[in-house]
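> Questions regarding the structure given below will be posed in turn.
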Amino acid sequence: MGNHPVKIIVSVVAMVLLANVSFGADAVKLRYVQSFYVDGKEVGLKFPEGVACDDKGRFIVADSGNGRLVAFTVVDGKPVPENEIRVPELSFPIRVRVNSKGEIFALDGREKRLVRLSPAGEFRGYVDASGMPSPATVVARSFDIGKDDSICLLDVFAGRVLILTPEGKFARQVDFPKDYEVISDLAVDRAGTLYLIDSVKAAVSIAAKGSAQFSPLTGSMRGTMKFPATITTDGRGNVYVADKNGGVVFALGPDGSLKGEQLKMGWTEGFLYYPEQMCINDQEEMAIADRGNNRVQLFSVKR
Amino acid sequence: MTGENATMRRGAACSVLFLLVLLLGATAFPADKYNLKPGAKGKICLTCHVAFQEKLKRPFVHTPVKTGECSGCHNPHTSSHGKLLDDDPSRICGRCHGAMAPEKARSRHKVVAEGKCTACHDPHASANKWNLVKAGNELCFGCHKDLGQAVTKAGFKHSPVEKGCLTCHDPHASEKFDHLVKNDVPGLCLDCHKADKPAFARRHSDYPVAKGVCTSCHNPHGSDKAVFLYANVHRPVANGMCNQCHEAPSSPTPFKLKNAGFELCRGCHSKMVNEAFAKNQLHWALVGRKGCLACHSPHASPEAALLKGPTISVCGECHSDTIRRQETSLAKHEPVANGECKACHSIHSSDVPLLLANPSVNDLCGTCHDWGKHSSHPVGAKYTDMRNRNLSVNCLSCHRSHGTPYKKLNPFATSTDLCVQCHERVKR
């Protein structure tokens, strides 16, 4: 019988068609580029939970277990660490982002306060959401920075997203969806659309810029995802969700359709072990804080 | 004439009715579809199944058995089903009895949903009404053993339970309510307990509890504590100081809490809350909208530390994927299987990821496992994991604590697959 060429062609066409049915016509793939393991003094990263990308090719890592930030650039294909950023106001950074001026914002997991640093890492103050409506109590679990430098704070205590001016003054708030379970992370895209990931429902909600409420982008993806805990977006309206317990990254299209299930749980390069925050830069590179593997991994986003 | 007409009409109606009954009977049990010999119906089966003759003397006999229609349920020649049943056991009762549970029932007895009618009913004859295989609560406690033991041991017994489970529960399904109850709570309770009596109001510190959920404090199945309180009672409740957490009973919103989320509990439990906040990793559920009530019951609970339920079900509310992993795991990790999540996790907060109770994975596993003896493989902080320069070899390098589909909590199908992860040169 053997493998007749027609059989092979039919099989390939069938596989391509099946792949398209599963993940839409333009599936997204992540290709491993490299990992950041150590700072300039060969001190290894320890349980990094956060990573931020800027538009100059800089990656700021929240090296949570070591209580510091470490910035990396990639020169000639190799990671070049900068001096560590260690300030007493930031003992356990868990989320990090950069605004258009290069200022670094980091959320302290212990104090649950947002810290503003200069691009070089000097402490510039806390972002404490002044002019807040009731309730005044805020417990920030995550945050993101909009293209206009507005600060979007995930307040899990009152179940809302606080939108603050670049100076940190309260501008408005959007309440979590009514039927939410556990919202773990948020993202804001270039158009100002807010995204929430519900870890227990495994569902994404969105609120267009200026909208007063969230609406579902997806239904529950509980059968597909285990415990999705972080979310980010790219410049094309695609959404990426990291499944912490599954060690997988899911790509969703702007309409919420599944465009790919990428990576696997593991320890070698290209695999994830309890991934945390992600970021995507203008060069379509995705950095993932691979907490359980004590490293940050860099992937190129392929379509 | 008029009287005669009426009599005739009645006679005609009776005849039609009689014919209908005959027709229906014929539909349910087709007359002699097996072409039995005259006089054989209802007797021929018993010539072999002699033991049934004694059984049929019981006071409650299933109608087709009584009328000798053995072939109503059994095919005397051949069948694809056990006991020569004429249909699938989960469907055969429904051919006459229809669906015993409303299609959109809020709760449905598991055995009814599974079509296991014979778990409760004897299809031939029984000493008990409705052909039940056992009488009263003894039948229910055959499956609900823990509940049966608790009811038997309870120092204070609730009379409706003594009368029978069916006082409050529908054995098949409840259209509108959980737990197969016939009415909602407090509606069910207020059928007997009159909330407008002064003594009732006094006992409840004048709070309008008739609008509350009685079962948040009282165990309807009985208890060792007076007034059926659960074994563990929150101190303000025990002391009748509801206003420590709630607004005054005279308030337009008497049940409204004085503060939101964990901030309410912090008033008394400040040490615990402050300790939790002093750690790097906080269990986020603690500071969510439900606060401490994500896991704890505010009034009373049969569980220690006022947990809402057994640990595995409380943790499983959010971490169902982890619990499921254990359920489908080939090897069972005892603390997970027993719902002892606290054996490894510090549930409020920790300085270590995954809220582990010990910063060293090896030390944590070492509290139960003498891992130093189990293998000659080097394990410990001084041995670098060959797959990743930033990891040292620990128990989780080769095992997944909540379970895998493979032996010994191995993340890979075979030991070889596991070993070649690091020892690539022996890979073939």
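The chains in the structure tokens are called A, B, ... from first to last as shown; in each chain the residues are counted from 1, and the ligands are counted from 1 in the order shown.
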Residues of chain A that approach chain B to 10 Å or less, counting only C-alpha atoms: could you list each one with the shortest pair of atoms and its distance in Å to one decimal, rows by chain and increasing residue number, as CSV?


```
residue,atom,partner,partner_atom,distance
A:Tyr37,CA,B:Asn390,CA,6.8
A:Val38,CA,B:Asn390,CA,8.4
A:Val43,CA,B:Asn390,CA,9.5
A:Gly44,CA,B:Asn390,CA,6.1
A:Leu45,CA,B:Asn390,CA,7.3
A:Lys46,CA,B:Asn390,CA,7.9
A:Phe47,CA,B:Pro353,CA,7.6
A:Glu49,CA,B:Pro353,CA,9.7
A:Ser64,CA,B:Asn280,CA,9.0
A:Gly65,CA,B:Val352,CA,8.4
A:Gly67,CA,B:Asn280,CA,10.0
A:Ser91,CA,B:Asn280,CA,8.6
A:Phe92,CA,B:Asn280,CA,6.5
A:Pro93,CA,B:Asn280,CA,9.3
A:Ile94,CA,B:Asn280,CA,9.4
A:Asp108,CA,B:Asn280,CA,8.7
A:Gly109,CA,B:Asn280,CA,5.8
A:Arg110,CA,B:Asn280,CA,4.6
A:Glu111,CA,B:Phe277,CA,7.6
A:Lys112,CA,B:Phe277,CA,9.0
A:Pro135,CA,B:Ala260,CA,9.0
A:Thr137,CA,B:Glu263,CA,9.2
A:Val138,CA,B:Val287,CA,9.7
A:Val139,CA,B:Val287,CA,7.1
A:Ala140,CA,B:Val287,CA,9.7
A:Arg141,CA,B:Trp284,CA,8.0
A:Asp155,CA,B:Gly288,CA,8.7
A:Val156,CA,B:Gly288,CA,5.2
A:Phe157,CA,B:Gly288,CA,4.7
A:Ala158,CA,B:Arg289,CA,6.0
A:Gly159,CA,B:Arg289,CA,6.3
A:Glu181,CA,B:Cys318,CA,8.3
A:Val182,CA,B:Ala285,CA,7.8
A:Ile183,CA,B:Gly288,CA,9.1
A:Ser184,CA,B:Trp284,CA,8.6
A:Ser199,CA,B:Cys318,CA,8.2
A:Val200,CA,B:Cys318,CA,5.6
A:Lys201,CA,B:Cys318,CA,8.9
A:Arg222,CA,B:Asp321,CA,8.9
A:Gly223,CA,B:Asp321,CA,9.6
A:Met225,CA,B:Asp321,CA,9.0
A:Lys226,CA,B:Asp321,CA,5.6
A:Phe227,CA,B:Asp321,CA,7.3
A:Asn245,CA,B:Thr322,CA,8.1
A:Gly246,CA,B:Asp321,CA,9.3
A:Met265,CA,B:Pro411,CA,9.9
A:Gly266,CA,B:Arg387,CA,9.3
A:Trp267,CA,B:Arg387,CA,6.1
A:Thr268,CA,B:Arg387,CA,5.0
A:Glu269,CA,B:Asn388,CA,7.6
A:Tyr274,CA,B:Leu354,CA,9.3
A:Arg291,CA,B:Pro353,CA,8.7
A:Gly292,CA,B:Pro353,CA,8.5
A:Asn293,CA,B:Leu391,CA,6.7
A:Asn294,CA,B:Asn390,CA,5.8
A:Arg295,CA,B:Asn390,CA,7.3
```

> For the selection you just gave me, I'd like the residues written to a file as a PDB file, in the first residue's frame, keeping C-alpha atoms.


```pdb
ATOM      1  CA  TYR A  37      18.583  34.146  33.849  1.00  0.00           C
ATOM      2  CA  VAL A  38      21.067  36.352  35.691  1.00  0.00           C
ATOM      3  CA  VAL A  43      23.022  36.556  40.468  1.00  0.00           C
ATOM      4  CA  GLY A  44      20.130  34.388  39.297  1.00  0.00           C
ATOM      5  CA  LEU A  45      16.573  35.643  39.046  1.00  0.00           C
ATOM      6  CA  LYS A  46      14.316  34.244  41.776  1.00  0.00           C
ATOM      7  CA  PHE A  47      10.587  33.753  41.312  1.00  0.00           C
ATOM      8  CA  GLU A  49       6.453  37.587  38.702  1.00  0.00           C
ATOM      9  CA  SER A  64      10.212  39.275  43.074  1.00  0.00           C
ATOM     10  CA  GLY A  65      12.146  36.741  45.130  1.00  0.00           C
ATOM     11  CA  GLY A  67      13.138  42.100  45.968  1.00  0.00           C
ATOM     12  CA  SER A  91      10.431  45.077  48.689  1.00  0.00           C
ATOM     13  CA  PHE A  92       8.475  42.561  46.632  1.00  0.00           C
ATOM     14  CA  PRO A  93       7.612  43.733  43.093  1.00  0.00           C
ATOM     15  CA  ILE A  94       4.962  41.571  41.417  1.00  0.00           C
ATOM     16  CA  ASP A 108       4.611  45.930  45.573  1.00  0.00           C
ATOM     17  CA  GLY A 109       3.044  42.606  46.548  1.00  0.00           C
ATOM     18  CA  ARG A 110       3.638  43.105  50.236  1.00  0.00           C
ATOM     19  CA  GLU A 111       2.440  46.692  50.595  1.00  0.00           C
ATOM     20  CA  LYS A 112      -0.008  46.427  47.685  1.00  0.00           C
ATOM     21  CA  PRO A 135     -15.013  52.960  49.278  1.00  0.00           C
ATOM     22  CA  THR A 137      -9.994  51.250  50.532  1.00  0.00           C
ATOM     23  CA  VAL A 138      -8.097  49.922  47.541  1.00  0.00           C
ATOM     24  CA  VAL A 139      -6.333  46.570  47.315  1.00  0.00           C
ATOM     25  CA  ALA A 140      -4.397  46.580  44.061  1.00  0.00           C
ATOM     26  CA  ARG A 141      -3.672  43.174  42.568  1.00  0.00           C
ATOM     27  CA  ASP A 155      -8.891  46.912  42.819  1.00  0.00           C
ATOM     28  CA  VAL A 156      -9.978  43.453  43.957  1.00  0.00           C
ATOM     29  CA  PHE A 157     -11.350  44.745  47.275  1.00  0.00           C
ATOM     30  CA  ALA A 158     -14.163  46.785  45.745  1.00  0.00           C
ATOM     31  CA  GLY A 159     -14.336  44.799  42.495  1.00  0.00           C
ATOM     32  CA  GLU A 181     -15.654  34.979  40.348  1.00  0.00           C
ATOM     33  CA  VAL A 182     -11.943  35.802  40.724  1.00  0.00           C
ATOM     34  CA  ILE A 183     -10.480  38.571  38.557  1.00  0.00           C
ATOM     35  CA  SER A 184      -6.705  38.152  38.545  1.00  0.00           C
ATOM     36  CA  SER A 199      -9.348  32.816  36.628  1.00  0.00           C
ATOM     37  CA  VAL A 200     -12.179  30.701  37.976  1.00  0.00           C
ATOM     38  CA  LYS A 201     -14.603  31.229  35.102  1.00  0.00           C
ATOM     39  CA  ARG A 222     -13.020  26.238  31.688  1.00  0.00           C
ATOM     40  CA  GLY A 223     -12.726  23.074  29.634  1.00  0.00           C
ATOM     41  CA  MET A 225      -7.942  26.495  30.387  1.00  0.00           C
ATOM     42  CA  LYS A 226      -7.014  25.442  33.920  1.00  0.00           C
ATOM     43  CA  PHE A 227      -6.339  28.653  35.848  1.00  0.00           C
ATOM     44  CA  ASN A 245      -1.584  26.026  36.278  1.00  0.00           C
ATOM     45  CA  GLY A 246      -1.478  24.744  32.715  1.00  0.00           C
ATOM     46  CA  MET A 265       4.447  23.063  31.071  1.00  0.00           C
ATOM     47  CA  GLY A 266       8.081  22.151  31.652  1.00  0.00           C
ATOM     48  CA  TRP A 267      11.511  23.195  32.764  1.00  0.00           C
ATOM     49  CA  THR A 268      13.619  23.385  29.608  1.00  0.00           C
ATOM     50  CA  GLU A 269      13.796  26.547  27.508  1.00  0.00           C
ATOM     51  CA  TYR A 274       3.695  28.743  36.580  1.00  0.00           C
ATOM     52  CA  ARG A 291       8.181  32.336  37.791  1.00  0.00           C
ATOM     53  CA  GLY A 292       8.533  28.639  38.536  1.00  0.00           C
ATOM     54  CA  ASN A 293      11.605  28.446  36.314  1.00  0.00           C
ATOM     55  CA  ASN A 294      13.332  31.482  37.866  1.00  0.00           C
ATOM     56  CA  ARG A 295      13.705  33.201  34.502  1.00  0.00           C
TER      57      ARG A 295
END
```

> May I have the residues within 6 Å of range 170-173 of chain A as a list in words, using only C-alpha atoms and disregarding those fewer than 2 positions away in the same chain?

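Contacts, in chain order: Ala129, Ser130, Gly131, Met132, Val161, Leu162, Ile163 and Leu164 of chain A.
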
> Could you dump the residues just selected with C-alpha atoms as a short mmCIF file (atom, residue, chain, number, x, y, z; two decimals), in the first residue's frame?


```
data_model
loop_
_atom_site.label_atom_id
_atom_site.label_comp_id
_atom_site.auth_asym_id
_atom_site.auth_seq_id
_atom_site.Cartn_x
_atom_site.Cartn_y
_atom_site.Cartn_z
CA ALA A 129 -5.22 57.24 43.82
CA SER A 130 -6.15 60.64 45.22
CA GLY A 131 -9.74 61.93 45.07
CA MET A 132 -11.24 58.48 45.37
CA VAL A 161 -10.91 49.01 37.73
CA LEU A 162 -9.77 52.48 38.74
CA ILE A 163 -8.65 54.72 35.91
CA LEU A 164 -6.23 57.32 37.20
#
```

> To one decimal place in Å, what is the distance between CA of Leu114 in chain A and CA of Gln283 in chain A?

27.5 Å

> Per DSSP on the backbone, what are the strand (DSSP E or B) residues of range 41-254 of chain A, as number ranges by chain?

A: 44, 50-53, 58-63, 68-75, 78-85, 93-98, 104-108, 113-117, 123-127, 130, 140-145, 151-155, 160-164, 169-175, 183-188, 194-198, 203-207, 213, 215-216, 228-233, 239-243, 248-252

> How many Å lie between CA of Arg86 in chain A and CA of Tyr273 in chain A, rounded to one decimal?

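About the pair CA of Arg86 in chain A and CA of Tyr273 in chain A: they are 25.8 Å apart.
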